[in-house]
Amino acid sequence: MDELKTLIKELEHEPPHSLARQRLRLTQEASTAPRGRRWRRLLPFGRRTGLERPLLSGRRLAMGAAVAAAVAAGVAVPSLLGSAKPAYALTENQDGSINLKIYDFRNPEHLEKDLAKWGVPADITYLPLGKRCGNNRAPFLKGDDIGATEEELSSSDAATQATLRERLQKSSSYQAIRPQDGITIYPRHIKPGEIAMIEVMENPVTPTVERPGVAWQFSGRLTTGPIEPCKVVADPSANDIGDATPPPGS
Amino acid sequence: MVTDTSPLVVDSEIIASSLDDPEKFAALFDRYAAMLYRYISFRLGPELAEDLVGETFLIAFRRRAAYDIAYREARPWLLGIATKLITGHRRSEVSRYRALERQGPAQTVEGPEEAITRDLTAQGSRTALLNALALLSRGDRDALLLVAWSDMTYEEAARALDIPVGTVKSRLNRARRKIRRTLGGVNPLEEHDHG
């Protein structure tokens, strides 16, 4: 007989339900962690380093955190597509910033007009998730050049990523268009002559708790124009947050 | 609790993808939190176990970039982190064994005379075993309890404890010898079904 095995069985305890609190601790830290190699594509310039994705983008920063929090709490992520709802909602915050929540992906021209009424010249493009604009479309602002080296961009070191993120957040475009609570636009950071160029990518399949995914993502930056039309190309990384688990047959 | 990752995805893939999407790391929690809770609660009791499960995952998360994805199973890695945290609470562990020695097992002794004799013998070896565990050096105790609890190989234990395989073997031998001595020549880890 194995006394030690018997003792182990006697002394160990079954996990309590409150262990879920520790999961929350982890997801809270994870939701604020730098998003690894993806930062390469988040940066507001491309030509100097030859990077493919030139837009400052809030890709799934907000939505990714929301999905994770919802999973932790065990509730469903609400559908972003609803015919009863308006296509989008604009609200002004106390600090003068404008919050944009998109419920349905239609009518970008109408949204542009509404934003203009709030004093924000905007260029909105809607695309299905999995596509993106392959061209730079418009000139970059000086204040978006954060001077990162190729080495820094490909680094997986947490400290390097943190400083990179800090610099990114100081860029002119990030000051004006932030991935907070959906999309939050700060008109006071948009100088006369500058246009907020925003691309929104929608996932036709609404993510659920069982099958988390990217509901939508956006890219945005400021430019002085002129803005060329979007040349649509495939973006295979678009659904990264949910496709670690390709369900069979999907 | 919701698991957002298919059981077909191996641990190393979860860790690798969490470098890009940190939230994905939670899938490891769903796989291993209960297992870690059992291990930590066995050694430290339920009071400390819950918090240390959380600590284990936070440490693992922060070190995930250094994980060698050649190892598909994250279990030894996580148990190794938990073991190091337990070592930091070794005074609590030792006083837990001492307290359990005094208390005796939870169930009451009842029944025919033979059963009483058997239970008393078991209780005697239980007390001796707890005493021996309390007396082991922390390195020997970590190696013995990690391997006995998890049934991992020497190689896995070496990786978990970040020590050479030879050290694992010598610690296990020494720990088993001491335990055997206190139990009167019976090796608690000898598998009788091996023949």
# chains A, B, ... in the order shown; residues from 1 in each chain; ligands from 1
$ select_by_dssp --residues "segment 135-230 of chain A" --states "helix (DSSP H, G or I)" --output "list in words"
Lys142, Gly143, Asp144, Glu150, Glu151, Glu152, Leu153, Ser154, Ala158, Ala159, Thr160, Gln161, Ala162, Thr163, Leu164, Arg165, Glu166, Arg167, Leu168, Gln169, Lys170, Ser172, Ser173, Tyr174, Gln175, Ala176, Pro187, Arg188 and His189 of chain A
$ write_last_selection --atoms "N, CA and C atoms" --output "mmCIF file, in the first residue's frame"
data_model
loop_
_atom_site.group_PDB
_atom_site.id
_atom_site.type_symbol
_atom_site.label_atom_id
_atom_site.label_comp_id
_atom_site.auth_asym_id
_atom_site.auth_seq_id
_atom_site.Cartn_x
_atom_site.Cartn_y
_atom_site.Cartn_z
ATOM 1 N N LYS A 142 3.580 64.282 -39.462
ATOM 2 C CA LYS A 142 4.900 64.241 -38.828
ATOM 3 C C LYS A 142 4.808 63.689 -37.406
ATOM 4 N N GLY A 143 3.776 64.114 -36.719
ATOM 5 C CA GLY A 143 3.611 63.723 -35.314
ATOM 6 C C GLY A 143 3.295 62.250 -35.109
ATOM 7 N N ASP A 144 3.150 61.503 -36.229
ATOM 8 C CA ASP A 144 2.902 60.071 -36.110
ATOM 9 C C ASP A 144 4.180 59.255 -36.241
ATOM 10 N N GLU A 150 13.227 48.806 -36.758
ATOM 11 C CA GLU A 150 12.702 47.478 -37.136
ATOM 12 C C GLU A 150 12.911 46.487 -35.980
ATOM 13 N N GLU A 151 14.062 46.632 -35.328
ATOM 14 C CA GLU A 151 14.399 45.745 -34.215
ATOM 15 C C GLU A 151 13.372 45.867 -33.082
ATOM 16 N N GLU A 152 13.060 47.119 -32.751
ATOM 17 C CA GLU A 152 12.081 47.349 -31.682
ATOM 18 C C GLU A 152 10.715 46.791 -32.059
ATOM 19 N N LEU A 153 10.387 46.966 -33.354
ATOM 20 C CA LEU A 153 9.058 46.552 -33.802
ATOM 21 C C LEU A 153 8.882 45.039 -33.731
ATOM 22 N N SER A 154 9.964 44.310 -33.958
ATOM 23 C CA SER A 154 9.816 42.857 -33.966
ATOM 24 C C SER A 154 10.160 42.248 -32.617
ATOM 25 N N ALA A 158 8.878 42.454 -23.274
ATOM 26 C CA ALA A 158 7.741 43.196 -22.714
ATOM 27 C C ALA A 158 8.082 44.671 -22.478
ATOM 28 N N ALA A 159 9.296 44.949 -22.030
ATOM 29 C CA ALA A 159 9.682 46.332 -21.732
ATOM 30 C C ALA A 159 9.757 47.152 -23.017
ATOM 31 N N THR A 160 10.342 46.555 -24.067
ATOM 32 C CA THR A 160 10.426 47.251 -25.354
ATOM 33 C C THR A 160 9.023 47.545 -25.872
ATOM 34 N N GLN A 161 8.153 46.549 -25.759
ATOM 35 C CA GLN A 161 6.787 46.746 -26.234
ATOM 36 C C GLN A 161 6.078 47.840 -25.446
ATOM 37 N N ALA A 162 6.363 47.882 -24.149
ATOM 38 C CA ALA A 162 5.708 48.887 -23.307
ATOM 39 C C ALA A 162 6.136 50.301 -23.710
ATOM 40 N N THR A 163 7.448 50.497 -23.954
ATOM 41 C CA THR A 163 7.889 51.835 -24.346
ATOM 42 C C THR A 163 7.369 52.182 -25.742
ATOM 43 N N LEU A 164 7.300 51.153 -26.596
ATOM 44 C CA LEU A 164 6.769 51.369 -27.937
ATOM 45 C C LEU A 164 5.316 51.824 -27.854
ATOM 46 N N ARG A 165 4.596 51.159 -26.990
ATOM 47 C CA ARG A 165 3.183 51.515 -26.833
ATOM 48 C C ARG A 165 3.048 52.937 -26.283
ATOM 49 N N GLU A 166 3.926 53.255 -25.341
ATOM 50 C CA GLU A 166 3.894 54.603 -24.776
ATOM 51 C C GLU A 166 4.106 55.664 -25.856
ATOM 52 N N ARG A 167 5.112 55.401 -26.697
ATOM 53 C CA ARG A 167 5.404 56.351 -27.777
ATOM 54 C C ARG A 167 4.243 56.413 -28.759
ATOM 55 N N LEU A 168 3.683 55.247 -29.057
ATOM 56 C CA LEU A 168 2.542 55.191 -29.969
ATOM 57 C C LEU A 168 1.387 56.030 -29.429
ATOM 58 N N GLN A 169 1.192 55.925 -28.120
ATOM 59 C CA GLN A 169 0.058 56.644 -27.533
ATOM 60 C C GLN A 169 0.284 58.148 -27.493
ATOM 61 N N LYS A 170 1.538 58.544 -27.691
ATOM 62 C CA LYS A 170 1.814 59.988 -27.733
ATOM 63 C C LYS A 170 1.695 60.537 -29.147
ATOM 64 N N SER A 172 0.314 61.870 -32.731
ATOM 65 C CA SER A 172 -0.798 62.798 -32.985
ATOM 66 C C SER A 172 -2.092 62.043 -33.258
ATOM 67 N N SER A 173 -2.009 60.992 -34.076
ATOM 68 C CA SER A 173 -3.221 60.272 -34.450
ATOM 69 C C SER A 173 -3.870 59.591 -33.251
ATOM 70 N N TYR A 174 -3.028 59.016 -32.383
ATOM 71 C CA TYR A 174 -3.593 58.320 -31.223
ATOM 72 C C TYR A 174 -4.249 59.309 -30.255
ATOM 73 N N GLN A 175 -3.661 60.512 -30.180
ATOM 74 C CA GLN A 175 -4.264 61.532 -29.320
ATOM 75 C C GLN A 175 -5.689 61.851 -29.774
ATOM 76 N N ALA A 176 -5.885 61.825 -31.092
ATOM 77 C CA ALA A 176 -7.171 62.252 -31.644
ATOM 78 C C ALA A 176 -8.173 61.107 -31.776
ATOM 79 N N PRO A 187 -11.768 65.923 -30.586
ATOM 80 C CA PRO A 187 -11.684 67.020 -31.564
ATOM 81 C C PRO A 187 -10.591 68.026 -31.237
ATOM 82 N N ARG A 188 -10.267 68.210 -29.943
ATOM 83 C CA ARG A 188 -9.262 69.235 -29.615
ATOM 84 C C ARG A 188 -7.871 68.822 -30.105
ATOM 85 N N HIS A 189 -7.699 67.546 -30.444
ATOM 86 C CA HIS A 189 -6.402 67.116 -30.970
ATOM 87 C C HIS A 189 -6.388 67.072 -32.494
#
$ atom_distance --atom1 "atom CA of Ile81 of chain B" --atom2 "atom CA of Ile163 of chain B"
13.1 Å
$ closest_residue --among "B:Arg102, B:Asp151, B:Arg138, B:Ala70" --to "chain A" --atoms "only C-alpha atoms"
B:Asp151
$ residues_around --residues "segment 111-126 of chain A" --least-positions-apart "2" --cutoff "8 Å" --atoms "only C-alpha atoms" --output "PyMOL selection string"
chain A and resi 88+105-109+128+187+190+194-202+230
$ closest_residue --among "B:Ala99, B:Leu58, B:Ala132, B:Ala158" --to "Leu4 of chain A" --atoms "only C-alpha atoms"
B:Ala132
$ atom_distance --atom1 "atom CA of Leu36 of chain B" --atom2 "atom CA of Ala49 of chain B"
8.4 Å
$ closest_residue --among "A:Lys231, A:Arg23, A:Lys5, A:His13" --to "Phe42 of chain B" --atoms "only C-alpha atoms"
A:His13
$ residues_around --residues "segment 9-14 of chain B" --least-positions-apart "6" --cutoff "9 Å" --atoms "only C-alpha atoms" --output "ChimeraX atom specification"
/A:244-245 /B:24-25,27-28,67-75
$ atom_distance --atom1 "atom CA of Arg96 of chain B" --atom2 "atom CA of Asp162 of chain B"
26.1 Å
$ closest_residue --among "A:Thr223, A:Thr27, A:Ser156, A:Gln94" --to "Lys191 of chain A" --atoms "only C-alpha atoms"
A:Thr223
